[in-house]
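As stored in data_33.tsv (TSV, C-alpha atoms):
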chain	number	residue	atom	x	y	z
U	1	MET	CA	0.00	0.00	0.00
U	2	VAL	CA	1.31	3.44	-0.95
U	3	ASP	CA	2.14	5.78	1.93
U	4	ALA	CA	-0.01	8.93	1.54
U	5	PHE	CA	2.54	11.10	3.36
U	6	MET	CA	5.33	10.06	0.98
U	7	VAL	CA	3.12	10.78	-2.03
U	8	ILE	CA	2.30	14.28	-0.73
U	9	ALA	CA	5.95	14.94	0.18
U	10	THR	CA	7.14	13.80	-3.25
U	11	ILE	CA	4.64	16.00	-5.09
U	12	ALA	CA	5.54	18.97	-2.83
U	13	VAL	CA	9.27	18.52	-3.55
U	14	ILE	CA	8.62	18.38	-7.31
U	15	VAL	CA	6.60	21.61	-7.17
U	16	ILE	CA	9.28	23.32	-5.04
U	17	LEU	CA	11.98	22.25	-7.50
U	18	LEU	CA	10.06	23.63	-10.47
U	19	VAL	CA	9.35	26.96	-8.73
U	20	ALA	CA	12.96	27.32	-7.53
U	21	ASN	CA	14.41	26.56	-10.96
U	22	ILE	CA	12.02	28.96	-12.71
U	23	TYR	CA	13.05	31.64	-10.19
U	24	LEU	CA	16.76	30.97	-10.80
U	25	LEU	CA	16.20	31.17	-14.55
U	26	ALA	CA	14.37	34.48	-14.20
U	27	VAL	CA	17.10	35.97	-11.96
U	28	TYR	CA	20.13	34.92	-14.01
U	29	CYS	CA	18.62	35.18	-17.49
U	30	HIS	CA	20.30	37.64	-19.87
U	31	PRO	CA	18.46	40.99	-20.08
U	32	ASP	CA	18.05	40.59	-23.85
U	33	GLU	CA	16.22	37.29	-23.34
U	34	LYS	CA	13.77	38.30	-20.64
U	35	GLY	CA	10.23	37.09	-21.12
U	36	PHE	CA	9.19	34.23	-23.37
U	37	GLY	CA	9.74	35.23	-27.00
U	38	ASP	CA	11.49	32.78	-29.34
U	39	THR	CA	13.47	31.10	-26.56
U	40	LEU	CA	10.51	29.64	-24.65
U	41	PHE	CA	11.39	26.07	-25.62
U	42	LEU	CA	15.00	26.56	-24.52
U	43	LYS	CA	13.89	28.00	-21.18
U	44	ILE	CA	11.69	24.94	-20.66
U	45	LEU	CA	14.71	22.72	-21.37
U	46	VAL	CA	16.81	24.64	-18.83
U	47	VAL	CA	14.17	24.23	-16.13
U	48	MET	CA	13.71	20.57	-17.04
U	49	GLY	CA	17.46	19.92	-16.94
U	50	MET	CA	17.97	21.57	-13.56
U	51	SER	CA	14.93	19.77	-12.14
U	52	LEU	CA	16.24	16.40	-13.32
U	53	ALA	CA	19.68	17.15	-11.88
U	54	TRP	CA	18.17	17.93	-8.47
U	55	GLY	CA	15.73	15.03	-8.83
U	56	GLN	CA	18.51	12.46	-9.22
U	57	VAL	CA	20.10	13.66	-5.99
U	58	LEU	CA	16.80	13.61	-4.09
U	59	MET	CA	15.95	10.14	-5.42
U	60	LEU	CA	18.50	8.66	-3.00
U	61	PRO	CA	16.75	9.77	0.23
U	62	LEU	CA	13.41	8.84	-1.36
U	63	ASP	CA	14.74	5.35	-2.07
U	64	VAL	CA	15.99	5.02	1.52
U	65	ALA	CA	12.70	6.28	2.99
U	66	ASN	CA	10.74	3.91	0.75
U	67	SER	CA	12.70	0.90	2.05
U	68	ARG	CA	12.22	1.68	5.77
U	69	GLY	CA	9.75	-0.33	7.83
U	70	LEU	CA	6.89	-1.68	5.73
U	71	GLY	CA	8.01	0.46	2.81
U	72	GLY	CA	6.39	3.44	1.15
U	73	GLY	CA	4.84	1.37	-1.61
U	74	PHE	CA	6.79	3.02	-4.45
U	75	ASP	CA	8.30	0.86	-7.17
U	76	MET	CA	11.70	2.56	-7.08
U	77	GLU	CA	13.06	0.49	-9.97
U	78	VAL	CA	10.44	2.09	-12.23
U	79	PHE	CA	11.25	5.53	-10.75
U	80	TRP	CA	14.94	5.14	-11.50
U	81	GLN	CA	14.28	3.87	-15.02
U	82	VAL	CA	12.02	6.85	-15.75
U	83	ILE	CA	14.70	9.26	-14.50
U	84	ILE	CA	17.38	7.53	-16.57
U	85	ILE	CA	15.26	7.56	-19.73
U	86	LEU	CA	14.38	11.24	-19.27
U	87	ASP	CA	18.07	12.03	-18.79
U	88	ALA	CA	18.97	10.14	-21.96
U	89	VAL	CA	16.26	11.90	-24.00
U	90	LEU	CA	17.33	15.29	-22.65
U	91	LEU	CA	21.08	14.79	-23.13
U	92	VAL	CA	21.04	12.93	-26.44
U	93	ILE	CA	18.06	14.42	-28.30
U	94	LEU	CA	16.59	17.64	-26.90
U	95	ILE	CA	19.70	19.55	-25.78
U	96	PRO	CA	21.87	18.82	-28.88
U	97	PHE	CA	19.05	19.72	-31.26
U	98	SER	CA	18.31	22.89	-29.31
U	99	ILE	CA	21.96	23.92	-29.39
U	100	PHE	CA	22.16	23.38	-33.16
U	101	PHE	CA	18.93	25.31	-33.73
U	102	TYR	CA	19.79	28.16	-31.35
U	103	GLU	CA	23.30	28.61	-32.81
U	104	ALA	CA	22.05	28.68	-36.41
U	105	ASP	CA	22.29	31.93	-38.39
U	106	PRO	CA	19.47	34.14	-37.02
U	107	GLU	CA	19.20	35.97	-40.35
U	108	LYS	CA	17.93	32.80	-42.02
U	109	GLY	CA	14.26	31.89	-41.97
U	110	PHE	CA	12.75	29.42	-39.52
U	111	GLY	CA	12.64	26.64	-42.13
U	112	LYS	CA	16.32	26.94	-43.05
U	113	ARG	CA	17.35	27.10	-39.41
U	114	LEU	CA	15.26	24.02	-38.66
U	115	SER	CA	16.64	22.04	-41.62
U	116	SER	CA	20.21	23.00	-40.73
U	117	ALA	CA	19.71	21.97	-37.10
U	118	LEU	CA	18.13	18.67	-38.18
U	119	CYS	CA	21.04	17.83	-40.49
U	120	MET	CA	23.64	18.48	-37.78
U	121	PHE	CA	21.57	16.63	-35.18
U	122	ILE	CA	21.16	13.57	-37.42
U	123	GLY	CA	24.93	13.45	-37.94
U	124	PHE	CA	25.53	13.73	-34.19
U	125	PHE	CA	22.92	11.09	-33.38
U	126	ILE	CA	24.34	8.58	-35.88
U	127	ILE	CA	27.83	8.92	-34.39
U	128	PHE	CA	26.45	8.64	-30.84
U	129	ALA	CA	24.28	5.62	-31.69
U	130	LEU	CA	27.20	3.78	-33.32
U	131	ILE	CA	29.44	4.30	-30.30
U	132	PHE	CA	26.68	3.50	-27.80
U	133	PHE	CA	25.37	0.29	-29.37
U	134	ILE	CA	28.84	-1.04	-30.17
U	135	MET	CA	29.78	-0.57	-26.51
U	136	PHE	CA	26.48	-2.08	-25.41
U	137	GLY	CA	27.17	-5.16	-27.52
U	138	PHE	CA	30.66	-5.75	-26.09
U	139	LEU	CA	30.62	-4.11	-22.64
U	140	SER	CA	27.16	-4.88	-21.28
U	141	GLU	CA	28.38	-7.28	-18.58
U	142	ALA	CA	29.26	-6.28	-15.05
U	143	GLU	CA	32.18	-8.16	-13.49
U	144	ILE	CA	31.73	-8.51	-9.73
U	145	PRO	CA	34.62	-10.02	-7.69
U	146	VAL	CA	33.45	-12.75	-5.30
U	147	LYS	CA	35.43	-14.71	-2.67
U	148	GLY	CA	34.29	-18.32	-2.43
U	149	VAL	CA	34.70	-20.39	0.75
U	150	THR	CA	34.68	-24.20	0.59
U	151	ILE	CA	34.66	-26.62	3.52
U	152	ALA	CA	35.39	-30.31	3.28
U	153	LEU	CA	32.34	-32.59	3.50
U	154	ALA	CA	34.02	-34.79	6.13
U	155	ALA	CA	34.43	-31.81	8.43
U	156	MET	CA	30.75	-30.99	8.07
U	157	GLN	CA	29.69	-34.57	8.86
U	158	ALA	CA	31.98	-34.72	11.88
U	159	SER	CA	30.03	-32.00	13.63
U	160	ASP	CA	26.70	-32.89	15.25
U	161	THR	CA	25.64	-29.25	15.56
U	162	ASP	CA	25.48	-26.35	13.16
U	163	ILE	CA	28.80	-24.70	12.47
U	164	SER	CA	28.90	-21.01	13.35
U	165	SER	CA	30.68	-18.38	11.29
U	166	THR	CA	33.45	-18.20	13.91
U	167	ASP	CA	34.04	-21.96	13.63
U	168	LEU	CA	34.12	-21.73	9.85
U	169	VAL	CA	36.82	-19.07	9.93
U	170	ALA	CA	38.87	-21.05	12.41
U	171	ASN	CA	38.37	-24.39	10.66
U	172	GLU	CA	41.50	-25.76	9.00
U	173	ASN	CA	39.45	-27.55	6.34
U	174	LEU	CA	38.44	-24.31	4.66
U	175	SER	CA	39.69	-23.34	1.24
U	176	TYR	CA	39.31	-19.94	-0.39
U	177	ARG	CA	39.09	-19.03	-4.04
U	178	ASP	CA	38.43	-15.80	-5.89
U	179	TYR	CA	35.68	-15.78	-8.50
U	180	THR	CA	34.35	-13.23	-10.94
U	181	LEU	CA	30.58	-13.08	-11.26
U	182	ASN	CA	29.46	-11.89	-14.70
U	183	ILE	CA	26.01	-10.27	-14.79
U	184	SER	CA	24.40	-8.90	-17.92
U	185	VAL	CA	23.10	-5.40	-17.18
U	186	SER	CA	19.81	-4.11	-18.56
U	187	PHE	CA	19.56	-1.42	-21.21
U	188	PRO	CA	18.56	1.38	-18.74
U	189	ILE	CA	21.41	0.48	-16.38
U	190	PHE	CA	23.95	0.51	-19.21
U	191	THR	CA	22.53	3.83	-20.42
U	192	MET	CA	23.03	5.29	-16.94
U	193	ALA	CA	26.59	3.95	-16.76
U	194	PHE	CA	27.45	5.24	-20.24
U	195	LEU	CA	26.07	8.73	-19.62
U	196	SER	CA	27.78	8.85	-16.21
U	197	PHE	CA	31.12	7.93	-17.78
U	198	VAL	CA	30.77	10.61	-20.46
U	199	GLY	CA	29.63	13.13	-17.84
U	200	TRP	CA	32.60	12.47	-15.56
U	201	PHE	CA	34.97	12.65	-18.53
U	202	LEU	CA	33.60	16.06	-19.54
U	203	LEU	CA	33.59	17.22	-15.91
U	204	VAL	CA	37.29	16.43	-15.58
U	205	ILE	CA	38.09	18.43	-18.74
U	206	PHE	CA	35.86	21.48	-18.23
U	207	GLY	CA	35.98	21.42	-14.44
U	208	GLY	CA	39.78	21.35	-14.44
U	209	THR	CA	39.90	24.18	-16.97
U	210	GLY	CA	37.38	26.22	-14.99
U	211	LEU	CA	39.24	25.80	-11.70
U	212	PHE	CA	42.25	27.45	-13.33
U	213	ALA	CA	40.42	29.98	-15.51
U	214	ILE	CA	38.06	31.47	-12.92
U	215	PRO	CA	40.81	32.71	-10.52
U	216	MET	CA	42.77	34.12	-13.47
U	217	ASP	CA	39.68	35.95	-14.74
U	218	MET	CA	39.09	37.41	-11.30
U	219	ILE	CA	42.73	38.54	-10.99
U	220	ASN	CA	42.67	40.14	-14.45
U	221	THR	CA	39.35	41.83	-13.70
U	222	PHE	CA	40.85	43.31	-10.54
U	223	ARG	CA	43.97	44.47	-12.42
U	224	ASN	CA	41.91	46.14	-15.16
U	225	LYS	CA	39.29	47.65	-12.88
U	226	PRO	CA	38.25	51.28	-13.60
U	227	VAL	CA	40.36	53.88	-11.82
U	228	GLN	CA	38.90	57.20	-10.71
U	229	LYS	CA	40.55	60.11	-12.52
U	230	SER	CA	41.16	63.63	-11.31
U	231	PRO	CA	39.36	66.60	-12.95
U	232	THR	CA	42.62	67.62	-14.65
U	233	GLU	CA	43.05	64.19	-16.22
U	234	ILE	CA	39.43	64.21	-17.40
U	235	ILE	CA	39.86	67.61	-19.08
U	236	GLN	CA	43.11	66.51	-20.72
U	237	GLN	CA	41.53	63.29	-22.01
U	238	ARG	CA	38.56	65.28	-23.34
U	239	ASP	CA	40.90	67.63	-25.21
U	240	ASP	CA	42.82	64.69	-26.66
U	241	ILE	CA	39.64	63.08	-27.92
U	242	GLY	CA	38.55	66.43	-29.41
U	243	ARG	CA	41.83	66.85	-31.29
U	244	LYS	CA	41.59	63.32	-32.67
U	245	ALA	CA	38.00	63.97	-33.78
U	246	VAL	CA	39.03	67.20	-35.58
U	247	ALA	CA	41.94	65.39	-37.26
U	248	LEU	CA	39.56	62.77	-38.63

Rewritten as structure tokens:
Amino acid sequence: MVDAFMVIATIAVIVILLVANIYLLAVYCHPDEKGFGDTLFLKILVVMGMSLAWGQVLMLPLDVANSRGLGGGFDMEVFWQVIIILDAVLLVILIPFSIFFYEADPEKGFGKRLSSALCMFIGFFIIFALIFFIMFGFLSEAEIPVKGVTIALAAMQASDTDISSTDLVANENLSYRDYTLNISVSFPIFTMAFLSFVGWFLLVIFGGTGLFAIPMDMINTFRNKPVQKSPTEIIQQRDDIGRKAVAL
């Protein structure tokens, strides 16, 4: 049976996320792109992307709360698969196409911009699909290391009572062996692993660059900050500009 409190709390968190992300978009949006206009679809994608990013983080406490006691009644496997599929659609289809369309020549008509974006997106999707499905065909097994413990049958028969874990560890008839358990992962799980790998790879590149570039930008901004000039310097600069204007 589904826990009514968890349902209400989940819906409330989703609404709060949407409101917070819309507010952040409105605050940090460029002044030239205020309002809806032609970028409404892109603004929806931004809100959707930020909501999914927060949602994946908040899915962990929801999963833990759902497993406590008698459980909250949520099928968390379906929840995770929905989140993974939405991430894949957003990252592989919607965002690349939107980037291609938004970066197209604005002087062209809507039809030419759309056709240009479609051509570039199709090329991107073909390359992505080839890499993804080739890796899925050859790398869709998870290798889990397992330590096997074997006890001789004679030692088991010699004991009239059950053998405890302490006795097993101390027993001289034990033998240990390392195994590798191969498990075929499902398509959603592999999709999550693939996107996570690509995301971490890009984070290392752009995050490392940003950690170096942001302090340098701040230092250069401080070095080139405007300096207040005296009235004499202002008059002299005005006269210099006037002479240059007359010479032109």

Shell of 10 Å around Ala117 of chain U, all atoms listed in the file, local chain residues under 5 positions omitted, as an MDAnalysis selection string
chainID U and resid 96:104 111:112 122

Work out how far apart atom CA of Asp87 of chain U and atom CA of Leu52 of chain U are and give it in Å to one decimal.
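If I compute the distance from atom CA of Asp87 of chain U to atom CA of Leu52 of chain U, I get 7.2 Å.
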
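Taking atom CA of Ala88 of chain U and atom CA of Met192 of chain U as the two end points, the separation is 8.1 Å.
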
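Of note, atom CA of Gly208 of chain U and atom CA of Leu91 of chain U are spaced 21.6 Å apart.
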
Between U:Pro61, U:Ser175, U:Gly137, U:Leu118, single out the one closest to Val149 of chain U, counting only C-alpha atoms.
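The answer is U:Ser175, which sits nearest to Val149 of chain U.
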
Excluding same-chain residues fewer than 4 positions from Met59 of chain U, what lies within 10 Å of it counting all atoms listed in the file, as number ranges by chain?
U: 10, 54-55, 63-65, 76, 79-80, 83

Please determine, counting all atoms listed in the file, which residue among U:Phe74, U:Val47, U:Ile8, U:Ile127 has the shortest atom-to-atom distance to Tyr23 of chain U.
U:Val47

Test item: residues at most 12 Å from His30 of chain U, all atoms listed in the file, excluding those fewer than 5 positions along its chain, as a PyMOL selection string:
chain U and resi 24-25+35+39+43

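With all atoms listed in the file as the atoms that count, the minimum distance from Pro188 of chain U to the choices U:Glu77, U:Glu107, U:Glu33, U:Asp3 is reached by U:Glu77.
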
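Using all atoms listed in the file, the shortest contact distance between Arg177 of chain U and any of U:Leu195, U:Leu58, U:Val146, U:Ala26 is found at U:Val146.
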
For Ser140 of chain U, find every residue with an atom within 10 Å (counting all atoms listed in the file), except residues of its own chain fewer than 5 positions away, and show them as a list in words.
Phe133, Ile134, Met135, Asn182, Ile183, Ser184, Val185, Ser186, Phe187, Ile189, Phe190, Thr191 and Ala193 of chain U
